[in-house]
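**Q** My structure is stored as model_6.tsv, with TSV, C-alpha atoms.
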chain	number	residue	atom	x	y	z
E	1	MET	CA	-32.75	-1.87	51.58
E	2	ALA	CA	-32.08	-3.48	48.24
E	3	GLN	CA	-28.44	-3.47	47.26
E	4	GLU	CA	-28.96	-4.55	43.67
E	5	TRP	CA	-31.26	-3.63	40.86
E	6	SER	CA	-34.31	-5.89	40.65
E	7	GLY	CA	-33.90	-6.10	36.88
E	8	GLN	CA	-37.52	-5.40	35.96
E	9	THR	CA	-39.53	-2.43	34.79
E	10	GLY	CA	-42.33	-1.67	37.26
E	11	GLY	CA	-46.04	-2.12	36.64
E	12	THR	CA	-48.26	-5.08	35.93
E	13	HIS	CA	-48.56	-6.78	32.56
E	14	TRP	CA	-51.94	-5.04	32.05
E	15	MET	CA	-50.50	-1.62	32.93
E	16	GLN	CA	-47.63	-2.03	30.48
E	17	ARG	CA	-50.00	-3.05	27.66
E	18	ALA	CA	-52.25	-0.10	28.45
E	19	LEU	CA	-49.25	2.23	28.44
E	20	VAL	CA	-48.25	1.17	24.93
E	21	HIS	CA	-51.83	1.68	23.75
E	22	TRP	CA	-52.18	5.10	25.38
E	23	VAL	CA	-48.83	6.38	24.25
E	24	ARG	CA	-49.63	5.42	20.66
E	25	HIS	CA	-52.79	7.51	20.65
E	26	THR	CA	-51.94	10.33	23.05
E	27	ASP	CA	-49.54	13.27	23.03
E	28	ILE	CA	-46.77	12.28	25.40
E	29	ARG	CA	-47.01	15.65	27.19
E	30	ILE	CA	-50.47	14.58	28.36
E	31	MET	CA	-48.98	11.27	29.47
E	32	TYR	CA	-46.33	13.17	31.45
E	33	ALA	CA	-49.03	15.27	33.15
E	34	VAL	CA	-51.13	12.24	34.06
E	35	THR	CA	-47.99	10.61	35.45
E	36	ASN	CA	-47.78	13.31	38.10
E	37	LEU	CA	-50.92	11.92	39.76
E	38	TRP	CA	-49.63	8.37	39.68
E	39	LEU	CA	-46.25	9.44	41.10
E	40	VAL	CA	-47.75	10.33	44.47
E	41	TRP	CA	-48.90	6.75	44.88
E	42	TYR	CA	-45.59	5.44	43.52
E	43	MET	CA	-43.60	7.48	46.02
E	44	LEU	CA	-45.68	6.17	48.90
E	45	VAL	CA	-45.38	2.49	48.05
E	46	ARG	CA	-41.86	2.34	46.63
E	47	SER	CA	-39.83	2.86	49.78
E	48	THR	CA	-36.68	1.18	48.40
E	49	GLU	CA	-36.57	3.37	45.32
E	50	ARG	CA	-37.53	6.42	47.36
E	51	HIS	CA	-34.68	5.87	49.77
E	52	GLY	CA	-32.23	5.11	46.96
E	53	ALA	CA	-33.05	8.38	45.21
E	54	TYR	CA	-32.98	10.29	48.50
E	55	MET	CA	-29.50	8.94	49.30
E	56	PHE	CA	-28.23	10.09	45.94
E	57	HIS	CA	-29.48	13.64	46.43
E	58	ARG	CA	-28.15	13.78	49.98
E	59	ARG	CA	-24.75	12.68	48.68
E	60	ARG	CA	-24.69	15.54	46.22
E	61	GLY	CA	-25.05	17.93	49.11
E	62	ARG	CA	-28.77	18.60	49.29
E	63	THR	CA	-30.49	19.18	52.63
E	64	ARG	CA	-33.07	16.67	53.86
E	65	LEU	CA	-35.96	18.83	52.65
E	66	GLN	CA	-34.33	19.56	49.29
E	67	ALA	CA	-33.48	15.87	48.85
E	68	ALA	CA	-37.08	14.87	49.62
E	69	CYS	CA	-38.34	17.29	46.95
E	70	ASP	CA	-35.63	16.08	44.58
E	71	VAL	CA	-36.89	12.50	44.95
E	72	TYR	CA	-40.18	13.59	43.41
E	73	ARG	CA	-38.38	15.27	40.50
E	74	SER	CA	-36.20	12.19	40.00
E	75	PHE	CA	-39.25	9.94	39.88
E	76	TYR	CA	-40.93	12.31	37.45
E	77	HIS	CA	-37.92	12.19	35.12
E	78	PHE	CA	-37.80	8.42	35.49
E	79	ALA	CA	-41.48	8.15	34.59
E	80	LYS	CA	-40.86	10.28	31.52
E	81	ALA	CA	-37.97	8.00	30.55
E	82	ILE	CA	-40.27	4.97	30.77
E	83	ILE	CA	-43.03	6.71	28.79
E	84	ASP	CA	-40.48	7.64	26.12
E	85	ARG	CA	-39.30	4.06	25.97
E	86	PHE	CA	-42.85	2.84	25.43
E	87	ALA	CA	-43.31	5.64	22.87
E	88	VAL	CA	-40.46	4.09	20.87
E	89	TYR	CA	-42.13	0.67	21.22
E	90	ALA	CA	-45.30	2.33	19.86
E	91	GLY	CA	-43.38	3.64	16.83
E	92	LYS	CA	-42.94	7.28	17.87
E	93	SER	CA	-39.66	9.07	17.28
E	94	PHE	CA	-37.60	11.79	18.96
E	95	GLU	CA	-35.19	14.45	17.75
E	96	VAL	CA	-31.70	13.22	18.56
E	97	THR	CA	-28.43	15.14	18.59
E	98	VAL	CA	-25.28	13.04	18.83
E	99	GLU	CA	-22.34	14.98	20.24
E	100	ASN	CA	-19.08	14.18	18.42
E	101	SER	CA	-21.16	12.28	15.90
E	102	GLU	CA	-18.27	12.12	13.39
E	103	ARG	CA	-16.14	10.19	15.85
E	104	TYR	CA	-18.99	7.83	16.60
E	105	TYR	CA	-19.80	7.16	12.96
E	106	ASP	CA	-16.09	6.69	12.17
E	107	LYS	CA	-16.20	3.84	14.67
E	108	VAL	CA	-19.34	2.46	13.06
E	109	HIS	CA	-17.71	2.46	9.64
E	110	ASP	CA	-14.49	0.89	10.94
E	111	PRO	CA	-14.57	-2.89	10.33
E	112	GLU	CA	-13.44	-3.52	13.92
E	113	GLY	CA	-16.07	-4.26	16.54
E	114	PHE	CA	-16.37	-2.17	19.69
E	115	VAL	CA	-18.00	-2.10	23.10
E	116	MET	CA	-20.43	0.58	24.30
E	117	LEU	CA	-20.75	1.02	28.03
E	118	PHE	CA	-23.84	2.68	29.47
E	119	SER	CA	-24.78	3.94	32.86
E	120	HIS	CA	-28.21	4.71	34.27
E	121	VAL	CA	-27.63	8.43	34.04
E	122	GLY	CA	-30.18	9.20	31.38
E	123	ASN	CA	-32.37	6.96	29.30
E	124	THR	CA	-30.02	4.04	28.76
E	125	GLU	CA	-32.17	1.83	26.57
E	126	MET	CA	-32.89	4.67	24.13
E	127	ALA	CA	-29.19	4.85	23.29
E	128	ALA	CA	-29.38	1.66	21.29
E	129	TYR	CA	-32.36	2.92	19.26
E	130	PHE	CA	-30.71	6.29	18.68
E	131	LEU	CA	-27.27	4.97	17.76
E	132	ALA	CA	-28.09	1.79	15.86
E	133	THR	CA	-27.32	1.89	12.15
E	134	PRO	CA	-27.99	-0.52	9.27
E	135	ASP	CA	-24.19	-0.77	8.77
E	136	LYS	CA	-23.23	-2.36	12.06
E	137	ARG	CA	-25.41	-4.66	14.13
E	138	MET	CA	-25.68	-3.80	17.80
E	139	HIS	CA	-26.18	-6.38	20.57
E	140	ILE	CA	-27.43	-5.52	24.05
E	141	LEU	CA	-26.11	-7.72	26.86
E	142	THR	CA	-29.02	-8.21	29.24
E	143	PHE	CA	-29.99	-10.35	32.18
E	144	GLY	CA	-33.51	-10.84	30.83
E	145	GLY	CA	-35.99	-10.94	33.68
E	146	GLU	CA	-38.29	-8.27	32.23
E	147	SER	CA	-42.02	-8.92	31.88
E	148	PRO	CA	-43.20	-10.71	28.70
E	149	GLU	CA	-44.88	-7.47	27.57
E	150	VAL	CA	-41.67	-5.43	27.82
E	151	MET	CA	-39.57	-8.21	26.29
E	152	SER	CA	-41.97	-8.60	23.38
E	153	ARG	CA	-42.27	-4.85	22.67
E	154	ARG	CA	-38.54	-4.42	23.06
E	155	ALA	CA	-37.79	-7.29	20.67
E	156	GLU	CA	-40.13	-5.75	18.08
E	157	ALA	CA	-38.51	-2.31	18.35
E	158	MET	CA	-35.03	-3.81	18.27
E	159	ALA	CA	-35.71	-5.92	15.21
E	160	GLN	CA	-36.68	-2.76	13.31
E	161	ASN	CA	-33.41	-1.08	14.35
E	162	ASN	CA	-30.80	-3.80	13.62
E	163	ILE	CA	-30.39	-4.51	17.34
E	164	GLY	CA	-30.10	-7.94	18.93
E	165	THR	CA	-29.87	-9.15	22.51
E	166	ILE	CA	-27.46	-11.45	24.25
E	167	ILE	CA	-28.97	-12.85	27.44
E	168	VAL	CA	-26.58	-13.70	30.27
E	169	GLU	CA	-26.74	-17.45	30.94
E	170	PRO	CA	-24.48	-18.19	33.92
E	171	GLU	CA	-25.04	-21.95	33.70
E	172	THR	CA	-24.09	-22.51	30.06
E	173	MET	CA	-21.96	-19.37	29.59
E	174	SER	CA	-23.47	-19.14	26.10
E	175	HIS	CA	-23.36	-15.33	26.33
E	176	ILE	CA	-19.57	-15.45	26.50
E	177	TYR	CA	-19.39	-17.30	23.18
E	178	ARG	CA	-21.82	-14.81	21.62
E	179	ILE	CA	-19.86	-11.82	22.96
E	180	ASN	CA	-16.69	-13.16	21.38
E	181	GLU	CA	-18.50	-13.99	18.15
E	182	VAL	CA	-20.17	-10.60	17.62
E	183	LEU	CA	-17.04	-8.62	18.44
E	184	GLN	CA	-14.87	-10.77	16.17
E	185	GLN	CA	-17.46	-10.19	13.43
E	186	GLY	CA	-16.94	-6.45	13.81
E	187	GLU	CA	-20.28	-5.75	15.50
E	188	VAL	CA	-21.13	-3.74	18.61
E	189	LEU	CA	-21.65	-5.04	22.14
E	190	THR	CA	-23.54	-2.71	24.50
E	191	MET	CA	-23.93	-3.21	28.23
E	192	ALA	CA	-24.76	-1.25	31.34
E	193	ALA	CA	-21.81	-1.07	33.73
E	194	ASP	CA	-23.39	0.43	36.83
E	195	ARG	CA	-25.96	-2.12	38.02
E	196	ARG	CA	-25.04	-5.15	40.03
E	197	MET	CA	-27.07	-8.26	39.34
E	198	GLY	CA	-25.41	-10.74	41.70
E	199	GLY	CA	-22.04	-11.29	40.02
E	200	ALA	CA	-18.55	-10.18	41.03
E	201	GLU	CA	-18.16	-6.57	42.13
E	202	THR	CA	-15.48	-3.94	41.96
E	203	VAL	CA	-15.32	-1.07	44.41
E	204	CYS	CA	-14.82	2.42	42.98
E	205	ARG	CA	-14.60	5.86	44.47
E	206	PHE	CA	-17.90	7.48	43.55
E	207	MET	CA	-19.30	10.73	44.95
E	208	ASP	CA	-16.83	10.80	47.84
E	209	ALA	CA	-17.52	7.27	49.01
E	210	GLU	CA	-16.89	3.67	48.05
E	211	ALA	CA	-19.53	2.29	45.73
E	212	ARG	CA	-19.91	-1.16	44.27
E	213	PHE	CA	-19.99	-1.59	40.51
E	214	PRO	CA	-20.33	-4.86	38.59
E	215	ALA	CA	-16.86	-6.22	37.71
E	216	GLY	CA	-18.02	-8.17	34.64
E	217	PRO	CA	-18.38	-5.37	32.07
E	218	PHE	CA	-14.94	-3.99	32.81
E	219	ARG	CA	-13.28	-7.40	32.74
E	220	ILE	CA	-14.95	-8.13	29.40
E	221	CYS	CA	-13.57	-4.85	27.98
E	222	GLN	CA	-10.10	-5.64	29.24
E	223	ALA	CA	-10.22	-9.22	27.93
E	224	ILE	CA	-11.61	-8.47	24.51
E	225	LYS	CA	-9.22	-5.55	23.83
E	226	LYS	CA	-11.59	-3.69	21.52
E	227	PRO	CA	-12.31	0.05	21.58
E	228	VAL	CA	-14.66	1.08	24.42
E	229	LEU	CA	-17.16	3.93	24.10
E	230	LEU	CA	-18.94	5.42	27.08
E	231	THR	CA	-22.40	6.70	26.21
E	232	PHE	CA	-24.98	8.89	27.95
E	233	VAL	CA	-28.46	9.73	26.65
E	234	ILE	CA	-29.87	12.86	28.25
E	235	LYS	CA	-33.38	14.20	27.71
E	236	GLU	CA	-33.40	17.87	26.67
E	237	SER	CA	-37.05	18.56	25.96
E	238	TYR	CA	-40.19	16.53	25.60
E	239	ARG	CA	-39.25	15.65	22.02
E	240	SER	CA	-35.47	15.74	22.04
E	241	TYR	CA	-32.49	13.89	23.41
E	242	ARG	CA	-28.75	14.55	23.33
E	243	VAL	CA	-26.34	11.61	23.11
E	244	TYR	CA	-22.79	11.92	24.44
E	245	THR	CA	-20.14	9.40	23.43
E	246	GLU	CA	-16.49	9.29	24.38
E	247	GLU	CA	-13.76	6.69	24.10
E	248	LEU	CA	-12.22	5.08	27.18
E	249	ALA	CA	-8.97	3.11	27.04
E	250	PRO	CA	-9.65	-0.49	28.17
E	251	THR	CA	-6.81	-0.47	30.69
E	252	GLY	CA	-6.67	-1.63	34.31
E	253	ASP	CA	-8.37	1.37	35.93
E	254	LEU	CA	-11.30	1.38	33.50
E	255	ALA	CA	-13.92	0.91	36.25
E	256	GLN	CA	-12.68	3.92	38.21
E	257	ARG	CA	-12.53	6.13	35.10
E	258	PHE	CA	-16.05	5.00	34.20
E	259	ALA	CA	-17.21	5.85	37.75
E	260	GLU	CA	-15.65	9.31	37.53
E	261	ARG	CA	-17.39	10.15	34.27
E	262	VAL	CA	-20.71	8.77	35.57
E	263	GLU	CA	-20.31	10.97	38.65
E	264	GLN	CA	-19.66	14.06	36.52
E	265	MET	CA	-22.72	13.38	34.37
E	266	ALA	CA	-24.91	12.49	37.36
E	267	LEU	CA	-24.01	15.78	39.06
E	268	ALA	CA	-24.58	17.72	35.85
E	269	HIS	CA	-27.97	16.00	35.29
E	270	PRO	CA	-29.04	14.95	38.81
E	271	TYR	CA	-32.65	14.15	37.95
E	272	GLU	CA	-31.50	11.76	35.25
E	273	TRP	CA	-29.90	9.45	37.84
E	274	PHE	CA	-32.02	6.29	37.75
E	275	ASN	CA	-30.15	3.88	40.01
E	276	PHE	CA	-32.77	3.86	42.75
E	277	TYR	CA	-31.16	1.40	45.14
E	278	ASP	CA	-28.40	1.44	47.74
E	279	PHE	CA	-25.42	2.18	45.57
E	280	TRP	CA	-22.92	2.85	48.33
E	281	LYS	CA	-21.34	0.68	50.95
E	282	GLY	CA	-22.08	3.01	53.85
E	283	GLU	CA	-24.72	5.50	54.87
E	284	ILE	CA	-24.01	9.21	55.28
E	285	LYS	CA	-24.01	10.20	58.94
E	286	ASN	CA	-25.42	13.75	59.12
B	1	MET	CA	1.23	-34.06	24.11
B	2	GLU	CA	3.16	-33.32	27.33
B	3	GLN	CA	4.99	-30.48	25.61
B	4	LEU	CA	1.68	-29.01	24.41
B	5	ILE	CA	0.23	-29.29	27.94
B	6	GLU	CA	3.16	-27.37	29.43
B	7	GLN	CA	2.94	-24.73	26.71
B	8	LEU	CA	-0.81	-24.41	27.27
B	9	LYS	CA	-0.39	-24.00	31.02
B	10	ALA	CA	2.08	-21.17	30.43
B	11	GLN	CA	-0.31	-19.52	27.99
B	12	ILE	CA	-3.22	-19.80	30.44
B	13	ILE	CA	-1.12	-18.21	33.20
B	14	GLU	CA	-0.19	-15.34	30.90
B	15	ALA	CA	-3.71	-14.84	29.48
B	16	LEU	CA	-5.32	-14.81	32.91
B	17	SER	CA	-2.49	-12.82	34.56
B	18	PHE	CA	-1.88	-15.43	37.28
B	19	GLU	CA	1.29	-13.66	38.35
B	20	ASP	CA	2.16	-15.86	41.33
B	21	MET	CA	1.54	-19.14	39.54
B	22	THR	CA	3.83	-21.45	37.54
B	23	PRO	CA	2.85	-24.26	35.15
B	24	ALA	CA	3.72	-26.75	37.88
B	25	ASP	CA	0.96	-25.30	40.07
B	26	ILE	CA	-1.75	-26.28	37.59
B	27	ASP	CA	-3.06	-29.83	37.84
B	28	THR	CA	-3.41	-31.13	34.28
B	29	ASP	CA	-6.58	-33.09	35.08
B	30	ALA	CA	-8.24	-30.74	37.57
B	31	PRO	CA	-11.44	-28.92	36.52
B	32	LEU	CA	-10.77	-25.44	35.17
B	33	PHE	CA	-14.10	-24.03	36.40
B	34	GLY	CA	-15.68	-24.23	39.83
B	35	GLU	CA	-13.43	-26.44	41.93
B	36	GLY	CA	-9.86	-26.85	40.68
B	37	LEU	CA	-8.51	-23.71	39.07
B	38	GLY	CA	-11.73	-21.83	39.93
B	39	LEU	CA	-12.14	-19.94	36.67
B	40	ASP	CA	-15.30	-17.95	35.87
B	41	SER	CA	-17.19	-16.99	32.71
B	42	ILE	CA	-14.94	-14.08	31.80
B	43	ASP	CA	-11.90	-16.30	32.17
B	44	ALA	CA	-13.69	-18.55	29.66
B	45	LEU	CA	-13.74	-15.59	27.28
B	46	GLU	CA	-9.95	-15.31	27.67
B	47	LEU	CA	-9.57	-19.04	26.94
B	48	ILE	CA	-11.80	-18.83	23.86
B	49	MET	CA	-9.65	-15.96	22.59
B	50	LEU	CA	-6.45	-17.84	23.46
B	51	LEU	CA	-7.51	-20.83	21.34
B	52	ASP	CA	-8.29	-18.52	18.43
B	53	ARG	CA	-5.13	-16.43	18.76
B	54	GLU	CA	-2.59	-19.20	19.39
B	55	TYR	CA	-4.10	-22.20	17.58
B	56	GLY	CA	-6.56	-20.79	15.06
B	57	ILE	CA	-9.48	-22.57	16.74
B	58	LYS	CA	-12.80	-20.71	16.74
B	59	LEU	CA	-15.23	-21.95	19.36
B	60	ALA	CA	-18.89	-20.98	19.10
B	61	ASP	CA	-20.74	-23.89	20.71
B	62	PRO	CA	-21.12	-23.65	24.51
B	63	LYS	CA	-21.86	-27.37	24.84
B	64	ALA	CA	-18.64	-28.30	23.02
B	65	GLY	CA	-16.82	-25.65	25.02
B	66	LYS	CA	-17.88	-27.21	28.29
B	67	ALA	CA	-16.21	-30.50	27.32
B	68	ILE	CA	-13.14	-28.80	25.85
B	69	PHE	CA	-12.61	-26.63	28.93
B	70	ALA	CA	-13.06	-29.48	31.39
B	71	SER	CA	-9.32	-29.51	32.17
B	72	VAL	CA	-5.96	-28.57	30.69
B	73	ARG	CA	-5.67	-32.10	29.32
B	74	THR	CA	-9.01	-31.95	27.47
B	75	MET	CA	-8.02	-28.57	26.07
B	76	ALA	CA	-4.68	-29.93	24.87
B	77	GLU	CA	-6.34	-32.98	23.30
B	78	TYR	CA	-8.77	-30.77	21.42
B	79	ILE	CA	-6.00	-28.44	20.27
B	80	SER	CA	-3.86	-31.31	19.00
B	81	THR	CA	-6.65	-32.51	16.69
B	82	HIS	CA	-8.21	-29.19	15.63
B	83	ARG	CA	-5.38	-26.64	15.48
B	84	THR	CA	-4.93	-24.74	12.23
B	85	LYS	CA	-1.69	-23.07	13.23
Can you present the structure in this file as structure tokens?

**A**
Amino acid sequence: MAQEWSGQTGGTHWMQRALVHWVRHTDIRIMYAVTNLWLVWYMLVRSTERHGAYMFHRRRGRTRLQAACDVYRSFYHFAKAIIDRFAVYAGKSFEVTVENSERYYDKVHDPEGFVMLFSHVGNTEMAAYFLATPDKRMHILTFGGESPEVMSRRAEAMAQNNIGTIIVEPETMSHIYRINEVLQQGEVLTMAADRRMGGAETVCRFMDAEARFPAGPFRICQAIKKPVLLTFVIKESYRSYRVYTEELAPTGDLAQRFAERVEQMALAHPYEWFNFYDFWKGEIKN
Amino acid sequence: MEQLIEQLKAQIIEALSFEDMTPADIDTDAPLFGEGLGLDSIDALELIMLLDREYGIKLADPKAGKAIFASVRTMAEYISTHRTK
């Protein structure tokens, strides 16, 4: 069973191109309905993701049968998240409500830079499109590794929204220089803090067990000493999203506090949990 | 130069929270990354910020940074010729 995220959106290059074309010319509700047929095949062939989702639902107290049904719902929500992402690439828009928007926009208008941490509860990538403003450039820290189609579409959508990327380069450490530069310039650094990609880990208490989180994002927050916002993007209806932001103090127990908030949101929105791999150190016994 | 090296070692220990270490434990010519002190990329971020905060040096070029952060001595040599405070 995979213990890290593979770092790539599923589907072949041709499928991803076709998806952008279809989503541009089709009501996304039809796309969602068609996805139901494809999901049966996806569930059969994607044993790693299937097991990862199943483990999550078992950990939140569901029976085996309930968890098996929940896996289907999780995949359906995940498929909708991907369709929505491609809808943004195709130029479509969604209704967005930002909770505590005044606090968020106060941060945007403050000359000081800040860090936004994301989890994979909800549609993470959409957060950047929803929260980007012309006033403050946003930079997404990413490992790259996506298909050329996704990278190209993403770059196009980002360029239109004052968003840049910083790709992690372990050999040259060039990303570290860029992180320092953009934050000193008063811009925004965004990064996911719940997917391990091979670097150092930190163990947190998460859903009544020890789970491994990447150590890097939390160490960056503690080193850079800038304000840290935790952000969730939750789908409410086929056309609308709600964005939640809250400030976290960048102190020593940041990873555990992040894990606790992610747990609360994952339990409140269980089908929006998209970390479909072995997140925990051990297996549940019953 | 020797005074600057000792001061820099103390600043590195403080910035990286090496609580059980003293300046005498750091080899002036040992590599900072990999073998030697064994620092990683996020420690590099701390060092970049240290140079800015303490010496007014802003580093933005990873290639230059690799040479500057080769050892405490190379750092001190760079600081002595480029410091603005």

**Q** Can you pull out every residue within 9 Å of Leu8 of chain B, counting only C-alpha atoms, but drop anything in the same chain fewer than 3 positions away, and send it as a PyMOL selection string?

**A** chain B and resi 3-5+11-13+23+72+75-76

**Q** So which one's closest to chain B, E:Glu263, E:Asp106, E:Glu125, E:Glu171? Using all atoms listed in the file, please.

**A**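 Once distances to chain B are computed over all atoms listed in the file, the minimum belongs to E:Glu171.
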
**Q** To one decimal in Å, tell me the separation between atom CA of Arg257 of chain E and atom CA of Arg205 of chain E.

**A** 9.6 Å

**Q** Wanna dump the chain B-chain E contacts at 6 Å for me, each residue with its shortest atom pair and the distance in Å to one decimal, counting all atoms listed in the file, ordered by chain and number, as a tab-separated table?

**A**
residue	atom	partner	partner_atom	distance
B:Leu45	CA	E:Ile176	CA	5.9
B:Ala60	CA	E:Tyr177	CA	5.5
B:Pro62	CA	E:Ser174	CA	5.3

**Q** Could you write out as lines of an AutoDock Vina configuration file the box around segment 53-68 of chain B (axis-aligned, all atoms listed in the file, 6 Å on each side), with centre and edge lengths in Å to one decimal?

**A**
center_x = -12.2
center_y = -23.5
center_z = 21.7
size_x = 31.3
size_y = 26.1
size_z = 25.2

**Q** Interatomic distance between atom CA of Ser71 of chain B and atom CA of Pro31 of chain B?

**A**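 Interatomic distance, atom CA of Ser71 of chain B to atom CA of Pro31 of chain B: 4.9 Å.
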
**Q** What is the atom CA of Ala255 of chain E-atom CA of Arg103 of chain E distance in Å, reported with one decimal?

**A**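 Those two atoms sit 22.5 Å apart.
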
**Q** Taking (-21.5, -10.1, 19.3) in the file's own coordinates, collect the residues within 10 Å, counting all atoms listed in the file, and hand them back as a list in words.

**A**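 Protein and nucleic acid residues near the point are Gly113, Phe114, Val115, Arg137, Met138, His139, Ile140, Leu141, Gly164, Thr165, Ile166, His175, Ile176, Tyr177, Arg178, Ile179, Asn180, Glu181, Val182, Leu183, Gln184, Gln185, Gly186, Glu187, Val188, Leu189 and Thr190 of chain E.
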
**Q** Restricting the calculation to all atoms listed in the file: of E:Phe56, E:Tyr241, E:Phe218, E:Phe258, which residue gets closest to Val98 of chain E?

**A**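 That would be E:Tyr241, the residue with the smallest distance to Val98 of chain E.
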
**Q** Counting all atoms listed in the file, figure out which residue out of E:Leu37, E:Asp84, E:Gly91, E:Met43 gets nearest to Ala68 of chain E.

**A**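 Closest candidate: E:Met43.
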
**Q** For Val121 of chain E, which residue out of E:Gln264, E:Thr202, E:Ser93, E:Ser152 is the nearest one, using only C-alpha atoms?

**A** E:Gln264

**Q** Within 9 Å of Asp194 of chain E, counting all atoms listed in the file, which residues qualify if same-chain residues fewer than 2 places away don't, as a PyMOL selection string?

**A** chain E and resi 118-120+192+196+212-214+259+262+275

**Q** May I ask which of the residues B:Thr74, B:Leu16, B:Lys85, B:Gln7 is the closest one to Asp40 of chain B, counting only C-alpha atoms?

**A** B:Leu16

**Q** Just want the 12 Å neighbourhood of Gly34 of chain B, counted on all atoms listed in the file, with same-chain residues fewer than 4 positions away dropped. Output as a PyMOL selection string.

**A** (chain E and resi 171) or (chain B and resi 30+38-41+43-44+69-71)

**Q** Fewer than 5 positions away in the same chain doesn't count, so skip those; otherwise give me all residues within 10 Å of Ala127 of chain E, counting all atoms listed in the file, as a PyMOL selection string.

**A** chain E and resi 96+116+118+122+132+190+231-234+241-244

**Q** Scan for residues within 9 Å of the point (-11.4, -29.1, 18.2) in the coordinates of the file, using only C-alpha atoms, and reply as an mmCIF file with C-alpha atoms, in the coordinates of the input.

**A**
data_model
loop_
_atom_site.group_PDB
_atom_site.id
_atom_site.type_symbol
_atom_site.label_atom_id
_atom_site.label_comp_id
_atom_site.auth_asym_id
_atom_site.auth_seq_id
_atom_site.Cartn_x
_atom_site.Cartn_y
_atom_site.Cartn_z
ATOM 1 C CA ILE B 57 -9.480 -22.570 16.740
ATOM 2 C CA LYS B 58 -12.800 -20.710 16.740
ATOM 3 C CA LEU B 59 -15.230 -21.950 19.360
ATOM 4 C CA ALA B 64 -18.640 -28.300 23.020
ATOM 5 C CA ILE B 68 -13.140 -28.800 25.850
ATOM 6 C CA MET B 75 -8.020 -28.570 26.070
ATOM 7 C CA GLU B 77 -6.340 -32.980 23.300
ATOM 8 C CA TYR B 78 -8.770 -30.770 21.420
ATOM 9 C CA ILE B 79 -6.000 -28.440 20.270
ATOM 10 C CA SER B 80 -3.860 -31.310 19.000
ATOM 11 C CA THR B 81 -6.650 -32.510 16.690
ATOM 12 C CA HIS B 82 -8.210 -29.190 15.630
ATOM 13 C CA ARG B 83 -5.380 -26.640 15.480
#

**Q** My list of candidates is B:Leu37, B:Met1, B:Leu50, B:Ala67. Which is closest to Phe18 of chain B when distances are computed with all atoms listed in the file?

**A** B:Leu37

**Q** Add whatever atoms are absent from segment 72-84 of chain E to reach N, CA and C atoms, and provide the output as a compact mmCIF listing (two decimals), keeping the file's coordinate frame.

**A**
# COMPACT_ATOMS: atom_id res chain seq x y z
N TYR E 72 -39.00 13.47 44.28
CA TYR E 72 -40.18 13.59 43.41
C TYR E 72 -39.74 13.93 41.98
N ARG E 73 -38.84 14.88 41.85
CA ARG E 73 -38.38 15.27 40.50
C ARG E 73 -37.68 14.10 39.80
N SER E 74 -36.89 13.35 40.59
CA SER E 74 -36.20 12.19 40.00
C SER E 74 -37.21 11.19 39.48
N PHE E 75 -38.24 10.91 40.30
CA PHE E 75 -39.25 9.94 39.88
C PHE E 75 -40.00 10.44 38.64
N TYR E 76 -40.23 11.74 38.60
CA TYR E 76 -40.93 12.31 37.45
C TYR E 76 -40.10 12.12 36.18
N HIS E 77 -38.81 12.40 36.27
CA HIS E 77 -37.92 12.19 35.12
C HIS E 77 -37.86 10.71 34.74
N PHE E 78 -37.85 9.86 35.75
CA PHE E 78 -37.80 8.42 35.49
C PHE E 78 -39.08 7.97 34.76
N ALA E 79 -40.21 8.50 35.24
CA ALA E 79 -41.48 8.15 34.59
C ALA E 79 -41.48 8.61 33.13
N LYS E 80 -40.93 9.79 32.89
CA LYS E 80 -40.86 10.28 31.52
C LYS E 80 -39.96 9.38 30.67
N ALA E 81 -38.88 8.91 31.29
CA ALA E 81 -37.97 8.00 30.55
C ALA E 81 -38.70 6.73 30.16
N ILE E 82 -39.53 6.21 31.08
CA ILE E 82 -40.27 4.97 30.77
C ILE E 82 -41.32 5.24 29.69
N ILE E 83 -42.02 6.37 29.81
CA ILE E 83 -43.03 6.71 28.79
C ILE E 83 -42.36 6.84 27.42
N ASP E 84 -41.20 7.48 27.39
CA ASP E 84 -40.48 7.64 26.12
C ASP E 84 -40.08 6.28 25.54
